[in-house]
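Content type compact mmCIF, C-alpha atoms, from the file my_file-v7.txt:
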```
# COMPACT_ATOMS: atom_id res chain seq x y z
CA MET A 1 83.29 37.63 128.82
CA ILE A 2 82.40 39.47 125.62
CA LEU A 3 85.09 41.85 124.41
CA SER A 4 84.29 45.05 122.57
CA THR A 5 85.31 45.47 118.97
CA ASP A 6 87.96 47.93 120.13
CA ALA A 7 89.44 45.45 122.62
CA ARG A 8 89.41 42.68 120.03
CA LEU A 9 91.10 44.91 117.44
CA ARG A 10 93.77 46.02 119.91
CA ALA A 11 94.47 42.40 120.87
CA LEU A 12 94.69 41.47 117.21
CA LEU A 13 97.14 44.28 116.46
CA GLY A 14 99.29 43.19 119.37
CA GLU A 15 99.33 39.60 118.16
CA VAL A 16 99.93 40.25 114.47
CA LEU A 17 102.53 42.97 114.98
CA ALA A 18 104.09 41.49 118.15
CA LEU A 19 103.48 44.71 120.06
CA PRO A 20 103.31 44.85 123.85
CA PRO A 21 99.75 45.19 125.18
CA ALA A 22 100.59 48.47 126.95
CA ARG A 23 101.75 50.01 123.68
CA VAL A 24 98.57 48.99 121.84
CA ALA A 25 96.41 50.12 124.78
CA ALA A 26 97.91 53.59 124.42
CA PHE A 27 96.76 53.95 120.80
CA GLY A 28 94.34 56.82 120.37
CA PRO A 29 92.18 57.55 117.32
CA ASP A 30 94.96 59.71 115.83
CA THR A 31 97.81 57.26 116.49
CA GLU A 32 99.56 56.79 113.17
CA LEU A 33 99.95 53.20 112.00
CA PHE A 34 100.99 52.42 108.42
CA GLY A 35 104.11 54.37 107.61
CA ALA A 36 104.71 55.23 111.26
CA LEU A 37 104.97 51.81 112.92
CA PRO A 38 107.98 49.91 111.60
CA GLU A 39 106.20 46.68 112.54
CA LEU A 40 103.37 47.44 110.09
CA ASP A 41 105.00 46.94 106.72
CA SER A 42 103.32 45.64 103.56
CA LEU A 43 103.78 41.99 104.57
CA ALA A 44 102.34 42.62 108.04
CA LEU A 45 99.45 44.51 106.44
CA GLY A 46 98.51 41.41 104.46
CA ASN A 47 98.71 39.32 107.62
CA LEU A 48 96.61 41.88 109.49
CA LEU A 49 93.90 41.83 106.81
CA GLY A 50 93.73 38.05 106.94
CA ALA A 51 93.58 38.11 110.73
CA ILE A 52 90.78 40.70 110.68
CA GLU A 53 88.79 38.48 108.34
CA LEU A 54 89.23 35.49 110.64
CA ARG A 55 88.78 37.21 113.99
CA PHE A 56 85.77 39.29 112.98
CA ALA A 57 84.26 36.80 110.49
CA VAL A 58 84.15 39.32 107.66
CA THR A 59 85.29 39.28 104.06
CA ILE A 60 87.56 42.03 102.81
CA HIS A 61 87.70 42.31 99.03
CA ASP A 62 90.79 43.66 97.32
CA ASP A 63 88.91 46.69 96.01
CA GLU A 64 87.95 47.64 99.59
CA VAL A 65 91.54 47.97 100.75
CA HIS A 66 92.69 51.60 100.70
CA ALA A 67 95.71 53.15 102.37
CA GLU A 68 93.57 55.63 104.29
CA HIS A 69 92.05 52.72 106.28
CA PHE A 70 95.44 52.01 107.84
CA ILE A 71 96.85 55.49 108.40
CA THR A 72 95.58 55.81 111.99
CA TYR A 73 94.12 53.55 114.63
CA GLY A 74 90.84 55.44 114.38
CA ALA A 75 90.66 54.87 110.62
CA LEU A 76 91.37 51.17 111.07
CA ALA A 77 88.76 50.85 113.81
CA ALA A 78 86.20 52.64 111.61
CA PHE A 79 87.01 50.30 108.72
CA VAL A 80 86.50 47.23 110.90
CA GLN A 81 83.24 48.68 112.25
CA SER A 82 82.03 49.30 108.71
CA LYS A 83 82.76 45.69 107.78
CA LEU A 84 80.87 44.45 110.84
CA ALA A 85 77.89 46.65 109.95
CA GLY A 86 77.72 44.89 106.61
```
Mind converting the file's structure to structure tokens?
Amino acid sequence: MILSTDARLRALLGEVLALPPARVAAFGPDTELFGALPELDSLALGNLLGAIELRFAVTIHDDEVHAEHFITYGALAAFVQSKLAG
């Protein structure tokens, strides 16, 4: 079974942040993440970036990391899609 990028990202968020699958499944594009989820602090953000690199086989350079990419689920999904597009 091939999972969509969205499903893979949701699973990754659940794993890295130890969130229940139902909670992550309820995330919409405007669901606030960084600054709104206590589980997503600066340490977890570093872990999430590393996990994105591994899970999606992409490289994220330091100069590509901007706070706006982690404000909402939609912004994070768009960032991951942009990395996959090359």
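Going from CA of Phe34 (chain A) over to CA of Ile2 (chain A), you cover 28.4 Å.
Nearest residue to Phe70 (chain A) among A:Leu54, A:Ala85, A:Leu13, A:Ala18 is A:Leu13, counting only C-alpha atoms.
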Starting from the point (83.2, 37.9, 108.4), work out which residues of protein, DNA or RNA have an atom no more than 12 Å away when counting all atoms listed in the file; state them as a VMD selection string.
chain A and resid 49 to 61 80 to 86
Can you work out which one of A:Leu17, A:Gly35, A:Leu3, A:Glu68 has the shortest atom-to-atom distance to Leu48 (chain A), counting all atoms listed in the file?
A:Leu17
Would you pick out the contacts of Ala26 (chain A) at 12 Å or less, using all atoms listed in the file, so that residues sharing its chain but fewer than 6 positions from it are not included, and give the list as an NGL selection string?
:A and (7 or 10 or 14 or 19-20 or 32 or 73)
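When CA of Val65 (chain A) is paired with CA of Ala22 (chain A), their separation reads 27.7 Å.
Distance-wise, CA of Val16 (chain A) and CA of Leu76 (chain A) end up 14.3 Å apart.
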